[in-house]
$ cat coords-v6.txt   # compact mmCIF, C-alpha atoms and all ligand atoms
# COMPACT_ATOMS: atom_id res chain seq x y z
CA MET P 11 0.00 0.00 0.00
CA LEU P 12 1.17 3.49 -0.77
CA SER P 13 0.56 6.32 1.67
CA THR P 14 1.11 10.05 1.33
CA LEU P 15 1.88 12.35 4.24
CA ILE P 16 2.23 16.12 4.17
CA TYR P 17 3.39 18.27 7.05
CA ARG P 18 4.43 21.85 7.62
CA SER P 19 7.05 23.01 10.12
CA ARG P 20 9.24 25.99 11.03
CA ALA P 21 13.03 25.97 10.83
CA SER P 22 14.32 26.37 14.37
CA ARG P 23 16.25 29.50 15.26
CA THR P 24 19.28 27.39 16.09
CA PHE P 25 19.36 25.60 12.72
CA ASP P 26 22.26 26.85 10.56
CA LEU P 27 20.56 27.14 7.18
CA SER P 28 23.85 26.67 5.34
CA LEU P 29 23.51 23.01 6.40
CA LEU P 30 20.16 22.58 4.65
CA ASP P 31 21.71 21.20 1.46
CA ALA P 32 23.58 18.59 3.51
CA LEU P 33 20.36 17.59 5.28
CA VAL P 34 18.64 17.21 1.91
CA ALA P 35 21.53 15.17 0.46
CA GLN P 36 21.49 12.76 3.44
CA SER P 37 17.72 12.47 3.34
CA GLN P 38 17.84 11.81 -0.40
CA VAL P 39 20.11 8.81 0.11
CA ARG P 40 18.15 7.44 3.05
CA ASN P 41 14.81 7.89 1.32
CA MET P 42 16.05 6.04 -1.76
CA THR P 43 17.04 3.11 0.45
CA LEU P 44 13.71 3.20 2.25
CA GLN P 45 11.87 3.50 -1.07
CA LEU P 46 10.43 6.79 0.02
CA THR P 47 9.75 9.53 -2.45
CA GLY P 48 8.72 13.11 -1.95
CA ILE P 49 9.73 16.71 -1.95
CA LEU P 50 10.69 19.43 0.51
CA ILE P 51 9.79 23.07 -0.06
CA PHE P 52 11.41 25.82 2.02
CA ASP P 53 10.25 29.45 2.06
CA GLY P 54 13.01 30.91 4.21
CA SER P 55 11.29 30.14 7.51
CA HIS P 56 8.92 27.22 6.99
CA PHE P 57 9.06 23.78 5.40
CA LEU P 58 6.40 21.82 3.59
CA GLN P 59 7.28 18.20 2.95
CA VAL P 60 5.46 15.51 0.97
CA LEU P 61 6.45 11.92 1.76
CA GLU P 62 5.25 8.89 -0.17
CA GLY P 63 5.92 5.23 0.59
CA GLU P 64 4.83 2.17 2.56
CA PRO P 65 2.64 3.43 5.46
CA GLU P 66 4.91 1.85 8.08
CA THR P 67 8.06 3.41 6.62
CA VAL P 68 6.42 6.83 6.21
CA ASN P 69 5.18 6.73 9.82
CA GLN P 70 8.57 5.75 11.21
CA LEU P 71 10.36 8.51 9.33
CA TYR P 72 7.69 11.03 10.30
CA ASP P 73 8.19 10.15 13.99
CA ALA P 74 11.95 10.78 13.59
CA ILE P 75 11.29 14.02 11.71
CA CYS P 76 8.90 15.27 14.43
CA ASP P 77 11.66 14.80 17.02
CA ASP P 78 14.30 16.58 14.91
CA PRO P 79 15.47 19.75 16.73
CA ARG P 80 16.32 21.45 13.43
CA HIS P 81 12.68 22.45 13.12
CA ASP P 82 9.64 22.89 15.38
CA GLY P 83 5.91 23.52 15.25
CA VAL P 84 5.44 20.42 13.07
CA VAL P 85 1.81 20.24 11.89
CA GLU P 86 0.50 17.22 10.06
CA LEU P 87 -1.67 18.42 7.19
CA MET P 88 -2.66 15.31 5.29
CA ARG P 89 -2.47 11.53 5.45
CA ASP P 90 -3.93 9.72 2.50
CA TYR P 91 -3.47 6.70 0.25
CA ALA P 92 -2.63 6.75 -3.42
CA ALA P 93 -2.55 4.33 -6.31
CA LYS P 94 0.70 5.68 -7.73
CA ARG P 95 3.61 7.78 -6.59
CA ARG P 96 3.58 11.42 -7.56
CA PHE P 97 7.35 11.91 -7.23
CA ILE P 98 8.52 8.59 -8.55
CA ASN P 99 12.21 9.39 -8.99
CA MET P 100 12.67 11.68 -6.06
CA GLY P 101 14.14 10.38 -2.81
CA MET P 102 13.86 13.98 -1.68
CA ALA P 103 14.23 17.11 -3.75
CA LEU P 104 14.44 20.61 -2.32
CA PHE P 105 12.54 23.54 -3.80
CA ASP P 106 13.74 26.79 -2.35
CA LEU P 107 11.56 29.89 -2.42
CA ARG P 108 14.51 32.01 -1.29
CA HIS P 109 16.02 31.56 -4.74
CA ASP P 110 13.03 31.03 -7.03
CA LYS P 111 9.71 32.81 -7.45
CA PRO P 112 6.50 30.97 -6.50
CA GLY P 113 5.46 30.46 -10.14
CA ALA P 114 8.82 28.96 -11.04
CA VAL P 115 8.78 26.67 -7.97
CA LEU P 116 5.28 25.48 -8.78
CA ARG P 117 6.24 24.75 -12.39
CA ALA P 118 9.37 22.91 -11.23
CA VAL P 119 7.34 20.82 -8.78
CA ILE P 120 4.82 19.89 -11.47
CA LYS P 121 7.64 19.02 -13.84
CA THR P 122 9.21 16.85 -11.16
CA GLY P 123 6.06 14.83 -10.65
CA ALA P 124 6.89 11.90 -12.89
CA LEU P 125 3.22 11.17 -13.14
CA ARG P 126 2.26 14.65 -14.14
CA TYR P 127 -1.39 13.88 -14.52
CA ASN P 128 -1.41 12.94 -10.84
CA LEU P 129 -0.64 16.53 -9.96
CA ALA P 130 -3.86 17.76 -11.53
CA SER P 131 -5.19 20.99 -10.11
CA ASP P 132 -7.90 19.23 -8.10
CA ASP P 133 -5.41 16.93 -6.40
CA ARG P 134 -5.22 17.64 -2.63
CA VAL P 135 -1.45 17.20 -2.57
CA TYR P 136 -1.07 19.74 -5.36
CA LYS P 137 -3.44 22.13 -3.58
CA PHE P 138 -1.41 21.94 -0.34
CA ILE P 139 1.76 22.60 -2.32
CA ARG P 140 0.24 25.55 -4.18
CA THR P 141 -1.22 27.11 -1.01
CA PHE P 142 2.20 26.87 0.65
CA VAL P 143 4.21 28.11 -2.33
CA GLU P 144 1.89 31.08 -2.83
CA GLY P 145 2.11 31.89 0.91
CA ARG P 146 -1.67 31.75 1.33
CA TRP P 147 -1.48 29.41 4.33
CA LYS P 148 -0.08 32.25 6.44
CA LYS P 149 -3.39 34.07 6.20
CA GLN P 150 -5.25 30.95 7.29
CA LEU P 151 -3.15 30.44 10.35
CA ALA P 152 -0.95 33.05 11.87
CA TYR P 153 -1.08 31.45 15.29
CA SER P 154 2.17 31.71 17.11
CA SER P 155 2.03 29.66 20.22
CA GLU P 156 4.83 30.18 22.69
CA PRO P 157 4.49 27.22 25.00
CA GLU P 158 8.01 27.69 26.31
CA SER P 159 7.17 31.08 27.79
CA TRP P 160 4.65 29.72 30.32
CA GLY P 161 5.12 28.32 33.79
CA PHE P 162 2.43 27.06 36.19
CA LEU P 163 1.73 27.78 39.85
CA SER P 164 -0.54 25.55 41.87
CA GLU P 165 -3.09 27.31 44.04
CA ALA P 166 -5.60 25.75 46.43
CA PRO P 167 -9.07 27.05 45.65
CA PRO P 168 -10.92 28.88 48.42
CA PHE P 169 -13.43 26.14 49.19
CA THR P 170 -14.17 24.00 52.20
CA SER P 171 -12.86 20.40 52.25
CA PRO P 172 -15.60 18.32 53.87
CA PRO P 173 -14.38 15.33 55.96
CA GLU P 174 -14.22 12.05 53.99
CA GLN P 175 -16.55 10.20 56.37
CA SER P 176 -19.39 12.57 55.51
CA PHE P 177 -19.64 10.79 52.14
CA LEU P 178 -19.76 7.23 53.52
CA GLY P 179 -22.93 5.35 52.69
CA GLN P 180 -23.88 7.51 49.71
CA PRO P 181 -25.09 5.49 46.69
CA CYS P 182 -22.61 7.45 44.55
CA GLN P 183 -19.99 10.13 44.98
CA PHE P 184 -18.77 13.01 42.83
CA ALA P 185 -15.41 14.41 41.83
CA LEU P 186 -15.18 18.08 40.94
CA GLN P 187 -13.04 19.38 38.08
CA PRO P 188 -12.94 23.10 37.31
CA ILE P 189 -13.38 24.75 33.94
CA ILE P 190 -11.20 27.83 34.03
CA GLU P 191 -10.33 30.97 32.10
CA PRO P 192 -6.56 30.77 32.60
CA LEU P 193 -5.61 34.23 31.36
CA ARG P 194 -8.25 35.96 33.47
CA GLY P 195 -7.43 33.81 36.49
CA GLN P 196 -11.10 32.90 36.83
CA ILE P 197 -13.00 29.73 37.56
CA SER P 198 -15.84 29.51 35.08
CA SER P 199 -17.59 26.48 36.64
CA PHE P 200 -17.06 23.08 38.23
CA GLU P 201 -18.06 19.89 36.49
CA ALA P 202 -19.37 17.20 38.87
CA LEU P 203 -18.14 13.82 37.61
CA ILE P 204 -19.95 10.78 38.93
CA ARG P 205 -18.11 8.01 40.79
CA GLY P 206 -19.31 4.82 42.53
CA PRO P 207 -20.04 4.64 46.27
CA ASN P 208 -16.35 3.94 46.91
CA GLY P 209 -14.98 6.20 44.21
CA GLU P 210 -15.34 3.64 41.38
CA SER P 211 -15.24 4.81 37.74
CA PRO P 212 -18.45 6.03 36.02
CA GLN P 213 -18.44 2.90 33.84
CA ASP P 214 -18.37 0.62 36.89
CA TYR P 215 -21.00 2.71 38.61
CA PHE P 216 -23.44 2.64 35.67
CA ALA P 217 -22.78 -1.07 35.08
CA SER P 218 -24.11 -1.71 38.59
CA ILE P 219 -27.46 -0.01 37.87
CA PRO P 220 -30.31 -2.23 36.56
CA PRO P 221 -31.29 -0.96 33.06
CA ASP P 222 -34.89 -0.26 34.09
CA LYS P 223 -33.65 2.01 36.90
CA LEU P 224 -31.10 3.88 34.78
CA HIS P 225 -32.92 7.15 34.19
CA GLU P 226 -34.41 7.42 37.66
CA THR P 227 -30.99 6.75 39.23
CA ASP P 228 -29.29 9.17 36.83
CA LEU P 229 -31.62 11.97 37.88
CA SER P 230 -31.64 11.20 41.61
CA SER P 231 -27.83 10.96 41.71
CA LYS P 232 -27.63 14.68 40.87
CA ALA P 233 -28.87 15.47 44.36
CA TRP P 234 -25.47 14.27 45.66
CA ALA P 235 -23.58 16.46 43.18
CA LEU P 236 -25.57 19.50 44.26
CA ALA P 237 -25.12 18.57 47.93
CA LEU P 238 -21.35 18.46 47.34
CA ALA P 239 -21.52 21.95 45.84
CA LYS P 240 -23.24 23.10 49.02
CA ASN P 241 -20.76 21.21 51.23
CA ILE P 242 -17.72 22.91 49.74
CA ASN P 243 -19.44 26.31 49.95
CA ILE P 244 -19.42 26.85 46.22
CA GLY P 245 -20.85 30.37 46.68
CA SER P 246 -21.85 31.96 43.41
CA HIS P 247 -19.74 29.62 41.25
CA LYS P 248 -21.48 27.48 38.66
CA ILE P 249 -21.81 23.73 38.74
CA SER P 250 -22.21 21.47 35.68
CA ILE P 251 -24.00 18.15 36.01
CA ASN P 252 -24.14 15.44 33.35
CA LEU P 253 -27.55 14.07 32.53
CA LEU P 254 -28.85 11.54 30.05
CA PRO P 255 -31.38 13.54 28.00
CA MET P 256 -33.84 10.66 28.30
CA SER P 257 -33.76 11.01 32.10
CA LEU P 258 -35.51 14.34 31.63
CA VAL P 259 -38.04 12.69 29.32
CA LYS P 260 -38.67 9.37 31.05
CA VAL P 261 -38.79 10.41 34.71
CA PRO P 262 -42.12 12.14 35.43
CA ASN P 263 -41.69 15.79 36.55
CA ALA P 264 -37.92 15.50 36.04
CA VAL P 265 -37.29 19.23 35.75
CA ASP P 266 -39.33 19.91 38.90
CA ILE P 267 -37.30 17.25 40.76
CA LEU P 268 -34.10 18.91 39.59
CA LEU P 269 -35.35 22.35 40.66
CA GLU P 270 -36.26 20.97 44.07
CA GLN P 271 -32.74 19.45 44.45
CA ILE P 272 -31.21 22.79 43.48
CA ASP P 273 -33.33 24.71 45.96
CA ARG P 274 -32.73 22.21 48.77
CA ASN P 275 -29.00 22.78 48.47
CA GLY P 276 -29.24 26.55 48.60
CA LEU P 277 -28.41 27.01 44.93
CA VAL P 278 -30.26 28.89 42.20
CA PRO P 279 -31.10 27.43 38.75
CA GLU P 280 -28.93 30.04 37.01
CA GLN P 281 -25.79 28.55 38.57
CA VAL P 282 -26.54 25.04 37.33
CA ILE P 283 -25.61 23.80 33.87
CA VAL P 284 -26.91 20.53 32.50
CA GLU P 285 -24.42 18.82 30.19
CA VAL P 286 -25.70 16.33 27.63
CA THR P 287 -23.66 14.62 24.94
CA GLU P 288 -24.06 15.33 21.26
CA ASP P 289 -25.05 11.77 20.34
CA GLU P 290 -27.63 11.48 23.11
CA VAL P 291 -29.27 14.74 22.05
CA ILE P 292 -29.47 13.84 18.39
CA SER P 293 -30.78 10.33 18.92
CA SER P 294 -33.64 11.56 21.10
CA PHE P 295 -34.04 15.14 19.92
CA ASP P 296 -37.81 15.23 19.37
CA GLU P 297 -38.53 13.87 22.84
CA PHE P 298 -35.77 15.95 24.43
CA SER P 299 -36.79 19.27 22.91
CA SER P 300 -39.65 19.86 25.35
CA ALA P 301 -37.27 19.12 28.24
CA ILE P 302 -34.88 21.71 26.79
CA ARG P 303 -37.67 24.30 26.84
CA GLN P 304 -38.50 23.47 30.46
CA LEU P 305 -34.84 23.61 31.54
CA ARG P 306 -34.28 26.92 29.82
CA SER P 307 -37.46 28.49 31.12
CA ALA P 308 -36.47 27.47 34.64
CA GLY P 309 -33.16 29.33 34.17
CA ILE P 310 -30.93 26.22 34.05
CA GLY P 311 -28.05 26.41 31.56
CA LEU P 312 -27.46 23.82 28.87
CA ALA P 313 -24.14 22.63 27.47
CA ILE P 314 -23.30 20.08 24.79
CA ASP P 315 -20.58 17.74 25.98
CA ASP P 316 -18.12 15.80 23.78
CA PHE P 317 -18.85 18.11 20.85
CA GLY P 318 -17.30 16.87 17.63
CA ALA P 319 -16.97 13.27 18.82
CA GLY P 320 -20.34 12.13 17.54
CA PHE P 321 -22.12 12.09 14.27
CA ALA P 322 -23.90 15.43 14.48
CA GLY P 323 -21.13 18.03 14.67
CA LEU P 324 -21.97 21.55 13.65
CA SER P 325 -25.29 20.50 12.11
CA LEU P 326 -26.58 20.00 15.66
CA LEU P 327 -26.56 23.78 16.04
CA ALA P 328 -29.18 24.06 13.31
CA LYS P 329 -31.60 22.25 15.62
CA PHE P 330 -30.95 24.29 18.75
CA GLN P 331 -28.21 26.41 20.28
CA PRO P 332 -26.96 25.64 23.77
CA GLY P 333 -25.25 28.28 25.89
CA LYS P 334 -22.03 26.32 25.82
CA ILE P 335 -20.34 23.57 23.87
CA LYS P 336 -17.41 21.51 25.08
CA ILE P 337 -15.06 20.39 22.33
CA ASP P 338 -14.29 16.71 22.73
CA ARG P 339 -10.85 15.66 23.89
CA SER P 340 -10.35 13.55 20.75
CA ILE P 341 -10.14 16.82 18.78
CA VAL P 342 -8.15 18.66 21.45
CA THR P 343 -5.40 16.05 21.84
CA ASP P 344 -2.29 17.11 19.88
CA ILE P 345 -4.21 19.89 18.12
CA HIS P 346 -1.00 21.94 17.81
CA ALA P 347 0.40 19.26 15.49
CA HIS P 348 -2.66 18.32 13.48
CA GLY P 349 -3.94 20.41 10.57
CA PRO P 350 -7.34 18.71 10.10
CA LYS P 351 -8.19 19.10 13.83
CA GLN P 352 -7.12 22.75 13.62
CA ALA P 353 -9.45 23.36 10.69
CA ILE P 354 -12.36 21.77 12.59
CA VAL P 355 -11.74 23.87 15.72
CA GLN P 356 -11.45 27.05 13.68
CA ALA P 357 -14.83 26.30 12.13
CA ILE P 358 -16.36 25.59 15.56
CA VAL P 359 -14.92 28.80 17.04
CA LYS P 360 -16.18 30.92 14.12
CA CYS P 361 -19.63 29.35 14.15
CA CYS P 362 -20.01 29.66 17.93
CA ALA P 363 -18.82 33.29 17.90
CA GLU P 364 -21.59 34.12 15.44
CA LEU P 365 -24.14 32.32 17.59
CA GLU P 366 -22.76 33.72 20.90
CA ILE P 367 -22.16 30.21 22.22
CA SER P 368 -19.31 29.80 24.72
CA VAL P 369 -16.68 27.27 23.75
CA VAL P 370 -14.81 25.10 26.24
CA ALA P 371 -11.91 22.86 25.26
CA GLU P 372 -11.89 19.73 27.40
CA GLY P 373 -9.15 17.17 27.94
CA VAL P 374 -6.35 19.75 27.67
CA GLU P 375 -3.20 18.03 28.89
CA THR P 376 -0.26 19.92 27.43
CA VAL P 377 0.84 23.51 27.32
CA GLU P 378 1.21 23.23 23.53
CA GLU P 379 -2.46 22.28 23.14
CA TRP P 380 -3.54 25.11 25.41
CA CYS P 381 -1.41 27.73 23.62
CA TRP P 382 -2.75 26.74 20.22
CA LEU P 383 -6.36 26.82 21.44
CA GLU P 384 -5.92 30.20 23.16
CA ALA P 385 -4.45 31.61 19.96
CA ALA P 386 -7.45 30.22 18.07
CA GLY P 387 -9.74 32.27 20.31
CA ILE P 388 -10.85 29.76 22.97
CA ARG P 389 -10.86 31.16 26.50
CA ARG P 390 -12.24 28.35 28.68
CA PHE P 391 -10.42 25.13 29.43
CA GLN P 392 -10.79 21.92 31.38
CA GLY P 393 -8.10 19.29 31.71
CA PHE P 394 -5.23 17.76 33.63
CA LEU P 395 -2.94 20.62 32.61
CA PHE P 396 -4.89 22.87 34.98
CA ALA P 397 -6.58 20.54 37.47
CA LYS P 398 -7.39 16.88 37.94
CA PRO P 399 -10.85 15.91 39.26
CA LYS P 400 -10.91 15.65 43.05
CA LEU P 401 -13.22 13.17 44.76
CA ASN P 402 -15.62 14.90 47.16
CA GLY P 403 -13.92 18.26 46.88
CA ALA P 404 -12.46 21.01 44.73
CA PRO P 405 -8.88 20.41 43.53
CA ALA P 406 -5.93 22.77 43.50
CA ILE P 407 -5.64 24.65 40.20
CA CYS P 408 -2.41 25.21 38.25
CA TRP P 409 -2.61 28.76 36.90
CA PRO P 410 -0.30 29.72 34.05
CA HIS P 411 2.00 32.70 34.34
CA ARG P 412 4.49 34.14 31.89
CA ARG P 413 8.07 33.35 32.79
CA GLY P 414 10.33 36.26 33.48
C1 LIG U 1 12.60 19.55 7.54
C2 LIG U 1 13.24 18.21 7.66
C3 LIG U 1 13.01 17.23 6.72
C4 LIG U 1 13.61 15.97 6.81
N1 LIG U 1 13.34 15.03 5.87
C5 LIG U 1 13.94 13.82 5.95
C6 LIG U 1 13.72 12.82 4.96
O1 LIG U 1 12.96 13.00 4.00
N2 LIG U 1 14.37 11.63 5.10
C7 LIG U 1 15.22 11.37 6.14
O2 LIG U 1 15.79 10.29 6.20
N3 LIG U 1 15.45 12.31 7.09
C8 LIG U 1 14.84 13.51 7.01
N4 LIG U 1 15.09 14.46 7.97
C9 LIG U 1 16.01 14.13 9.06
C10 LIG U 1 15.31 13.31 10.13
O3 LIG U 1 14.61 14.19 10.98
C11 LIG U 1 16.29 12.48 10.96
O4 LIG U 1 17.33 13.29 11.40
C12 LIG U 1 16.88 11.36 10.14
O5 LIG U 1 15.82 10.59 9.63
C13 LIG U 1 17.76 10.46 11.01
O6 LIG U 1 16.96 9.94 12.05
P1 LIG U 1 17.54 8.93 13.12
O7 LIG U 1 18.69 9.62 13.74
O8 LIG U 1 16.39 8.69 14.08
O9 LIG U 1 17.93 7.70 12.36
C14 LIG U 1 14.48 15.71 7.88
C15 LIG U 1 14.72 16.70 8.84
C16 LIG U 1 14.12 17.94 8.74
C17 LIG U 1 14.40 18.98 9.76

$ encode --input "coords-v6.txt" --output "structure tokens" --more "lines below"
Ligand SMILES: Cc1cc2nc3c(=O)[nH]c(=O)nc-3n(C[C@H](O)[C@H](O)[C@H](O)COP(=O)(O)O)c2cc1C
Amino acid sequence: MLSTLIYRSRASRTFDLSLLDALVAQSQVRNMTLQLTGILIFDGSHFLQVLEGEPETVNQLYDAICDDPRHDGVVELMRDYAAKRRFINMGMALFDLRHDKPGAVLRAVIKTGALRYNLASDDRVYKFIRTFVEGRWKKQLAYSSEPESWGFLSEAPPFTSPPEQSFLGQPCQFALQPIIEPLRGQISSFEALIRGPNGESPQDYFASIPPDKLHETDLSSKAWALALAKNINIGSHKISINLLPMSLVKVPNAVDILLEQIDRNGLVPEQVIVEVTEDEVISSFDEFSSAIRQLRSAGIGLAIDDFGAGFAGLSLLAKFQPGKIKIDRSIVTDIHAHGPKQAIVQAIVKCCAELEISVVAEGVETVEEWCWLEAAGIRRFQGFLFAKPKLNGAPAICWPHRRG
């Protein structure tokens, strides 16, 4: 099988560019041996490389290339399969925009493609090359993330820590994880994550519930999440609770029960956000829509969890617009190095800005991911980088600060 990989990167400040020809010569020899073909284009600061070959070989080389200190900010743009090689005779050829004009480089690249008809103008590989050579990609993405300029300081949040024994005997427990606005130093809300009676995982907890009791138990468990909010003295902070949409449909007077739980714990509906997942909403939308109306008219907020992980995506927003969406961790992970994920997030950010929907990125684990997402316009984050969930309490938060 023949795979094609394209990435873009930036020459590192420490790379002596007079050694570029030597790098290309070495790569040319190695690629020939590995039966890899492709090209490298350099514009004076950034590289675009096309690699073609056996998937395994391409992946191995790409891993080595990603770790190479001579460049940084490596972003994978395309991975695809092809019937034939585009650069059949090229172990690796360099096209240098410092010496040649874009038109000349483009013509040279097309001429190089041994299978010229493969580089037709509607070919994605050709389009990536043309966008790079013409410098148009810089308009698409001028995000400069500076992960190296941030340090983190852990700070205990100003909440009460209730004694552990006060949670003994509960049918379930909750762990709190904050959603924060790192650059404003603000906590935006706490998500209450369900655990079993002894801190077991949500999967284990739900597996222990008989299917015919699922929705009733789901709804009644929220009383313990709201009680925890009261116990830690959450004040005017917001609390997010996860609910199966069908719990609001199947349990009679579900919204009234929820409102009663909120009131009993000294909270107001406006500080509670119900999170439902994209797939659950879509699969039961018609039944769920009246519950949405009731929730909203009671003042309770609504957020779509795991956005982008399911089959609805942006089209969900044509049906209704929640106050908040949480971009799924599968899109967030390694976003700084992944062009397709970047394009998806840019579309989500633009769409949500027009609809005045808040965007949260969840599952943020590295400073690189956070920096890219901040630069893309996201302000609210949840993830291990900032705070891990804490059972029966609010965890310490690692706030970023600029070094120096
Ligand atoms: C922009 C750029 C492009 C590269 N392209 C290739 C290439 O096509 N083939 C190759 O063997 N090495 C290439 N390298 C060098 C690799 O990163 C790595 O140094 C080389 O594969 C040796 O890896 P190893 O020390 O793990 O064996 C490139 C490096 C850079 C910075």

$ closest_residue --input "coords-v6.txt" --among "P:Ser19, P:Asn243, P:Gln213, P:Thr47" --to "Pro172 of chain P" --atoms "only C-alpha atoms"
P:Asn243

$ residues_around --input "coords-v6.txt" --residues "Gly161 of chain P" --least-positions-apart "4" --cutoff "9 Å" --atoms "all atoms listed in the file" --output "PDB file with C-alpha atoms, keeping the file's coordinate frame"
ATOM      1  CA  PRO P 157       4.490  27.220  25.000  1.00  0.00           C
ATOM      2  CA  TRP P 409      -2.610  28.760  36.900  1.00  0.00           C
ATOM      3  CA  PRO P 410      -0.300  29.720  34.050  1.00  0.00           C
ATOM      4  CA  HIS P 411       2.000  32.700  34.340  1.00  0.00           C
ATOM      5  CA  ARG P 412       4.490  34.140  31.890  1.00  0.00           C
ATOM      6  CA  ARG P 413       8.070  33.350  32.790  1.00  0.00           C
TER       7      ARG P 413
END

$ atom_distance --input "coords-v6.txt" --atom1 "atom CA of Pro212 of chain P" --atom2 "atom CA of Ala185 of chain P"
10.6 Å

$ closest_residue --input "coords-v6.txt" --among "P:Ser211, P:Asn241, P:Gln187, P:Gln331" --to "Glu372 of chain P" --atoms "all atoms listed in the file"
P:Gln187

$ atom_distance --input "coords-v6.txt" --atom1 "atom CA of Leu269 of chain P" --atom2 "atom CA of Ala308 of chain P"
8.0 Å

$ residues_near_ligand --input "coords-v6.txt" --ligand "ligand LIG 1 (chain U)" --cutoff "6 Å" --atoms "only C-alpha atoms and all ligand atoms" --output "list in words"
Ser37, Arg40, Asn41, Phe57, Leu71, Ala74, Ile75, Asp78, Arg80, His81 and Met102 of chain P

$ residues_around --input "coords-v6.txt" --residues "segment 249-266 of chain P" --least-positions-apart "5" --cutoff "8 Å" --atoms "all atoms listed in the file" --output "ChimeraX atom specification"
/P:199-203,225-226,228-229,232,235-236,239,281-287,290-291,294,297-298,301,304-305

$ closest_residue --input "coords-v6.txt" --among "P:Leu46, P:Ile189, P:Lys137, P:Leu224" --to "Gln70 of chain P" --atoms "only C-alpha atoms"
P:Leu46

$ closest_residue --input "coords-v6.txt" --among "P:His247, P:Arg205, P:Lys111, P:Arg95" --to "Phe169 of chain P" --atoms "only C-alpha atoms"
P:His247

$ closest_residue --input "coords-v6.txt" --among "P:Ala233, P:Pro405, P:Gly414, P:Ser13" --to "Pro167 of chain P" --atoms "only C-alpha atoms"
P:Pro405

$ atom_distance --input "coords-v6.txt" --atom1 "atom CA of Asp110 of chain P" --atom2 "atom CA of Gly54 of chain P"
11.2 Å

$ residues_near_point --input "coords-v6.txt" --point "(17.8, 18.9, 4.7)" --cutoff "10 Å" --atoms "all atoms listed in the file" --output "list in words"
Leu27, Ser28, Leu29, Leu30, Asp31, Ala32, Leu33, Val34, Ala35, Gln36, Ser37, Gln38, Leu50, Phe52, Arg80, Met102, Ala103 and Leu104 of chain P

$ residues_around --input "coords-v6.txt" --residues "Ala406 of chain P" --least-positions-apart "2" --cutoff "7 Å" --atoms "only C-alpha atoms" --output "ChimeraX atom specification"
/P:164-167,397,404,408

$ residues_around --input "coords-v6.txt" --residues "Gln59 of chain P" --least-positions-apart "2" --cutoff "8 Å" --atoms "all atoms listed in the file" --output "list in words"
Ile16, Tyr17, Arg18, Gly48, Ile49, Leu50, Ile51, Phe57 and Leu61 of chain P

$ axis_aligned_box --input "coords-v6.txt" --around "segment 165-184 of chain P" --padding-each-side "4 Å" --output "lines of an AutoDock Vina configuration file"
center_x = -14.1
center_y = 17.1
center_z = 49.6
size_x = 30.0
size_y = 31.5
size_z = 21.5

$ closest_residue --input "coords-v6.txt" --among "P:Ile197, P:Ile98, P:Leu327, P:Ile337" --to "Leu365 of chain P" --atoms "all atoms listed in the file"
P:Leu327

$ residues_around --input "coords-v6.txt" --residues "Gln392 of chain P" --least-positions-apart "5" --cutoff "7 Å" --atoms "all atoms listed in the file" --output "number ranges by chain"
P: 188-190, 371-374
